[in-house]
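Novice: coords36.cif (mmCIF, C-alpha atoms) pasted underneath:
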data_my_file
loop_
_atom_site.group_PDB
_atom_site.id
_atom_site.type_symbol
_atom_site.label_atom_id
_atom_site.label_comp_id
_atom_site.auth_asym_id
_atom_site.auth_seq_id
_atom_site.Cartn_x
_atom_site.Cartn_y
_atom_site.Cartn_z
ATOM 1 C CA MET A 5 129.262 202.899 47.192
ATOM 2 C CA GLU A 6 126.726 200.533 45.700
ATOM 3 C CA THR A 7 123.901 200.242 43.200
ATOM 4 C CA SER A 8 120.993 197.799 43.129
ATOM 5 C CA ASN A 9 118.715 196.892 40.241
ATOM 6 C CA LEU A 10 116.615 194.800 42.623
ATOM 7 C CA ARG A 11 115.961 197.781 44.914
ATOM 8 C CA ARG A 12 115.999 200.341 42.053
ATOM 9 C CA ILE A 13 118.858 202.234 43.714
ATOM 10 C CA THR A 14 120.961 204.213 41.254
ATOM 11 C CA LEU A 15 123.611 205.080 43.849
ATOM 12 C CA ARG A 16 124.054 204.545 47.578
ATOM 13 C CA GLN A 17 127.002 206.218 49.263
ATOM 14 C CA MET A 18 128.122 205.466 52.816
ATOM 15 C CA ALA A 19 130.953 206.717 55.007
ATOM 16 C CA GLY A 20 131.568 206.296 58.693
ATOM 17 C CA ALA A 21 133.778 205.269 61.568
ATOM 18 C CA GLY A 22 133.516 202.848 64.441
ATOM 19 C CA VAL A 23 135.166 200.352 66.749
ATOM 20 C CA GLY A 24 135.504 196.601 66.732
ATOM 21 C CA PHE A 25 136.096 193.994 69.394
ATOM 22 C CA ARG A 26 137.304 190.429 68.989
ATOM 23 C CA LEU A 27 135.408 188.406 71.578
ATOM 24 C CA LEU A 28 136.897 185.038 70.743
ATOM 25 C CA LYS A 29 139.954 183.856 68.795
ATOM 26 C CA SER A 30 141.053 180.229 68.717
ATOM 27 C CA LYS A 31 141.808 177.543 66.131
ATOM 28 C CA LYS A 32 138.137 176.546 66.113
ATOM 29 C CA ASN A 33 136.331 179.855 66.671
ATOM 30 C CA ASP A 34 136.637 183.504 65.736
ATOM 31 C CA LEU A 35 133.957 185.994 66.800
ATOM 32 C CA THR A 36 133.983 189.789 66.399
ATOM 33 C CA LEU A 37 131.561 192.625 67.111
ATOM 34 C CA THR A 38 131.757 196.052 65.507
ATOM 35 C CA ASN A 39 129.744 199.198 65.940
ATOM 36 C CA ALA A 40 129.934 202.279 63.732
ATOM 37 C CA ILE A 41 128.106 205.476 62.904
ATOM 38 C CA LEU A 42 127.478 205.905 59.171
ATOM 39 C CA TYR A 43 126.301 208.719 56.965
ATOM 40 C CA GLU A 44 124.234 207.328 54.098
ATOM 41 C CA SER A 45 122.751 208.873 50.960
ATOM 42 C CA THR A 46 120.537 206.705 48.720
ATOM 43 C CA ASN A 47 119.371 207.852 45.273
ATOM 44 C CA PHE A 48 116.323 205.867 44.184
ATOM 45 C CA ARG A 49 114.979 205.907 40.616
ATOM 46 C CA GLU A 50 111.499 207.139 41.588
ATOM 47 C CA ILE A 51 111.368 208.350 45.197
ATOM 48 C CA PRO A 52 113.427 211.315 46.449
ATOM 49 C CA THR A 53 116.967 210.795 47.719
ATOM 50 C CA VAL A 54 117.076 209.592 51.328
ATOM 51 C CA THR A 55 119.932 210.807 53.522
ATOM 52 C CA THR A 56 120.367 209.660 57.094
ATOM 53 C CA ALA A 57 122.821 208.782 59.835
ATOM 54 C CA ARG A 58 122.790 205.133 60.882
ATOM 55 C CA ASN A 59 124.142 203.008 63.636
ATOM 56 C CA SER A 60 125.760 199.927 62.122
ATOM 57 C CA PHE A 61 126.174 196.909 64.402
ATOM 58 C CA ARG A 62 127.886 193.795 63.028
ATOM 59 C CA VAL A 63 128.429 190.288 64.376
ATOM 60 C CA LYS A 64 130.884 188.147 62.404
ATOM 61 C CA GLY A 65 132.037 184.632 63.164
ATOM 62 C CA LYS A 66 133.882 181.590 61.837
ATOM 63 C CA HIS A 67 133.575 178.236 63.548
ATOM 64 C CA ALA A 68 135.228 174.884 62.766
ATOM 65 C CA LEU A 69 133.415 171.709 63.811
ATOM 66 C CA LEU A 70 134.341 168.017 63.836
ATOM 67 C CA GLN A 71 138.091 168.646 63.537
ATOM 68 C CA ASP A 72 137.613 171.193 60.715
ATOM 69 C CA LYS A 73 135.490 168.821 58.602
ATOM 70 C CA ILE A 74 132.629 171.365 58.715
ATOM 71 C CA ARG A 75 133.011 175.144 58.840
ATOM 72 C CA PHE A 76 130.221 177.543 59.749
ATOM 73 C CA ASN A 77 130.542 181.241 58.871
ATOM 74 C CA HIS A 78 128.093 184.019 59.667
ATOM 75 C CA ILE A 79 127.837 187.772 59.371
ATOM 76 C CA THR A 80 124.924 189.991 60.386
ATOM 77 C CA PHE A 81 124.507 193.747 60.017
ATOM 78 C CA ILE A 82 121.736 195.646 61.820
ATOM 79 C CA GLN A 83 121.510 199.278 60.716
ATOM 80 C CA PRO A 84 118.736 201.483 62.117
ATOM 81 C CA ALA A 85 118.584 205.163 61.158
ATOM 82 C CA LEU A 86 119.369 207.307 64.171
ATOM 83 C CA ASN A 87 116.602 209.833 63.488
ATOM 84 C CA ASP A 88 113.875 207.287 62.606
ATOM 85 C CA PHE A 89 114.085 203.713 63.933
ATOM 86 C CA SER A 90 111.427 202.622 61.421
ATOM 87 C CA ASN A 91 114.092 203.224 58.713
ATOM 88 C CA LEU A 92 115.943 199.951 59.186
ATOM 89 C CA ARG A 93 118.321 197.855 57.118
ATOM 90 C CA TRP A 94 119.688 194.446 58.034
ATOM 91 C CA ASN A 95 121.512 191.656 56.278
ATOM 92 C CA THR A 96 122.531 188.143 57.333
ATOM 93 C CA ILE A 97 124.692 185.609 55.526
ATOM 94 C CA LEU A 98 125.079 182.075 56.890
ATOM 95 C CA SER A 99 127.365 179.607 55.138
ATOM 96 C CA VAL A 100 128.456 176.023 55.641
ATOM 97 C CA GLU A 101 131.674 174.713 54.113
ATOM 98 C CA LEU A 102 132.765 171.111 53.657
ATOM 99 C CA PRO A 103 136.511 170.963 52.915
ATOM 100 C CA ILE A 104 137.331 168.324 50.295
ATOM 101 C CA SER A 105 141.067 169.004 50.327
ATOM 102 C CA LYS A 106 143.450 171.763 51.396
ATOM 103 C CA TRP A 107 142.495 173.711 48.255
ATOM 104 C CA VAL A 108 138.872 172.712 47.449
ATOM 105 C CA THR A 109 135.731 173.314 49.534
ATOM 106 C CA ILE A 110 132.034 172.755 48.850
ATOM 107 C CA ARG A 111 130.024 175.720 50.119
ATOM 108 C CA THR A 112 126.366 176.605 50.559
ATOM 109 C CA SER A 113 125.093 179.974 51.758
ATOM 110 C CA PHE A 114 121.819 181.528 52.816
ATOM 111 C CA GLU A 115 121.453 185.308 52.599
ATOM 112 C CA ASN A 116 118.536 187.388 53.834
ATOM 113 C CA SER A 117 118.319 191.166 53.547
ATOM 114 C CA TYR A 118 115.675 193.657 54.587
ATOM 115 C CA GLU A 119 115.175 197.372 53.910
ATOM 116 C CA SER A 120 112.205 199.281 55.280
ATOM 117 C CA VAL A 121 112.541 202.187 52.800
ATOM 118 C CA VAL A 122 111.971 200.935 49.257
ATOM 119 C CA GLU A 123 110.095 202.067 46.162
ATOM 120 C CA ALA A 124 106.414 201.103 45.978
ATOM 121 C CA THR A 125 106.980 198.275 43.463
ATOM 122 C CA ARG A 126 109.879 196.681 45.395
ATOM 123 C CA LYS A 127 109.884 194.059 48.158
ATOM 124 C CA HIS A 128 111.230 194.885 51.605
ATOM 125 C CA ASN A 129 112.753 191.440 52.153
ATOM 126 C CA ASP A 130 114.865 189.264 49.854
ATOM 127 C CA SER A 131 116.434 185.843 50.402
ATOM 128 C CA ARG A 132 118.679 183.597 48.375
ATOM 129 C CA VAL A 133 120.457 180.276 48.670
ATOM 130 C CA THR A 134 123.672 179.568 46.785
ATOM 131 C CA PHE A 135 125.789 176.444 46.273
ATOM 132 C CA GLY A 136 129.293 176.272 44.903
ATOM 133 C CA ILE A 137 132.862 175.128 45.022
ATOM 134 C CA SER A 138 135.597 177.309 46.473
ATOM 135 C CA VAL A 139 139.204 176.995 45.351
ATOM 136 C CA GLY A 140 141.890 178.409 47.649
ATOM 137 C CA ASN A 141 143.769 177.741 50.859
ATOM 138 C CA LYS A 142 141.157 178.663 53.539
#
What is this structure when it is put down as structure tokens?
Specialist:
Amino acid sequence: METSNLRRITLRQMAGAGVGFRLLKSKKNDLTLTNAILYESTNFREIPTVTTARNSFRVKGKHALLQDKIRFNHITFIQPALNDFSNLRWNTILSVELPISKWVTIRTSFENSYESVVEATRKHNDSRVTFGISVGNK
């Protein structure tokens, strides 16, 4: 379940099932693929509720470079509606981490999301860049 002031969504509900495969698992790399079928219902503030079934394909990875001095993380969702491929959602997050110590990491992320079905006054595509410090043991 989610809401979004940016998209003017009062409530989005999703449920589904799928399978996942780990393609790569080592000290330096972890890469997984998942695929699921979702039922989605989105209540917008102005346009009628949109209900659809979606395919949800995800690629997720973690990669350590230069003896774990740089970490690269990524996750991408591609979610076309099964009954109308022009109804598409996708989201990507890319992040780079620079470990300072076992417990402290400097992190920057880039996120880009797209939705083809939005209210008339809303954008289809949104991006943001964040910077921060993470505290924790990996």
Novice: Would you please work out which residue, of A:Leu42, A:Ile110, A:Leu102, A:Val54, is nearest to Ser138 of chain A when using only C-alpha atoms?
Specialist: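 For Ser138 of chain A, the nearest of the given residues is A:Ile110.
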Novice: Selected by the PyMOL selection byres ((chain A and resi 16-21) around 9) in the shown coordinates: which residues, as a list of chain:residue names?
Specialist: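 Evaluating the PyMOL selection byres ((chain A and resi 16-21) around 9) on these coordinates yields A:Met5, A:Glu6, A:Thr7, A:Ser8, A:Ile13, A:Thr14, A:Leu15, A:Gly22, A:Val23, A:Asn39, A:Ala40, A:Ile41, A:Leu42, A:Tyr43, A:Glu44, A:Ser45, A:Thr46, A:Asn47, A:Phe48.
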Novice: Name all residues at most 9 Å from Lys127 of chain A (count all atoms listed in the file; drop same-chain ones fewer than 3 positions away) and give them as a ChimeraX atom specification.
Specialist: /A:10-11,118-119,122-124,130
Novice: Could those residues be written to a file, using C-alpha atoms, as a CSV table (one decimal), in the frame of the given file?
Specialist:
chain,number,residue,atom,x,y,z
A,10,LEU,CA,116.6,194.8,42.6
A,11,ARG,CA,116.0,197.8,44.9
A,118,TYR,CA,115.7,193.7,54.6
A,119,GLU,CA,115.2,197.4,53.9
A,122,VAL,CA,112.0,200.9,49.3
A,123,GLU,CA,110.1,202.1,46.2
A,124,ALA,CA,106.4,201.1,46.0
A,130,ASP,CA,114.9,189.3,49.9
Novice: Would you write out, as a PyMOL selection string, every residue that the PyMOL selection byres ((chain A and resi 24) around 12) captures in this file?
Specialist: chain A and resi 21-23+25-27+35-40+60-64
Novice: Restricting the calculation to only C-alpha atoms, which member of A:His78, A:His67, A:Arg111, A:Arg49 is positioned closest to Asn95 of chain A?
Specialist: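 Counting only C-alpha atoms, the residue closest to Asn95 of chain A is A:His78.
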Novice: Between atom CA of Lys66 of chain A and atom CA of Asp34 of chain A, what is the distance in Å, rounded to a tenth?
Specialist: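 So the answer is 5.1 Å.
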Novice: Need to verify the contact set: Leu92 of chain A, 12 Å, only C-alpha atoms, exclusion of same-chain residues closer than 4 positions in sequence. Can you return it as a PyMOL selection string?
Specialist: chain A and resi 56-61+81-88+117-122+128-129
Novice: Can you list what the PyMOL selection byres ((chain A and resi 101) around 12) grabs from this structure, as a ChimeraX atom specification?
Specialist: /A:66-69,72-78,98-100,102-105,108-113,134-139,142
Novice: Find, counting all atoms listed in the file, the residue in A:Asn91, A:Thr55, A:Asn141, A:Thr80 that gets nearest to Glu115 of chain A.
Specialist: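 So, comparing all the options, the nearest one is A:Thr80.
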Novice: Quick one: pull the distance between atom CA of Arg132 of chain A and atom CA of Pro52 of chain A, Å, one decimal.
Specialist: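 Computed distance, atom CA of Arg132 of chain A to atom CA of Pro52 of chain A, equals 28.3 Å.
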Novice: Quick one: distance from atom CA of Thr125 of chain A to atom CA of Arg93 of chain A in Å, one decimal?
Specialist: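 Interatomic distance here is 17.8 Å.
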Novice: Kindly provide, as JSON, the centre and edge lengths (Å, one decimal) of an axis-aligned box around all atoms of segment 90-97 of chain A given in the file, with 8 Å on each side.
Specialist:
{"center_x": 118.1, "center_y": 194.4, "center_z": 58.5, "size_x": 29.3, "size_y": 33.6, "size_z": 21.9}
Novice: Rank A:Lys106, A:Gly65, A:Ile51, A:Arg12 by their smallest atom-to-atom distance to Ser30 of chain A, using only C-alpha atoms, and report the top residue only.
Specialist: A:Gly65
Novice: Using all atoms listed in the file, which of A:Ile79, A:Phe89, A:Asn9, A:Trp94 sits nearest Phe114 of chain A?
Specialist: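 With all atoms listed in the file as the atom set, the closest residue is A:Ile79.
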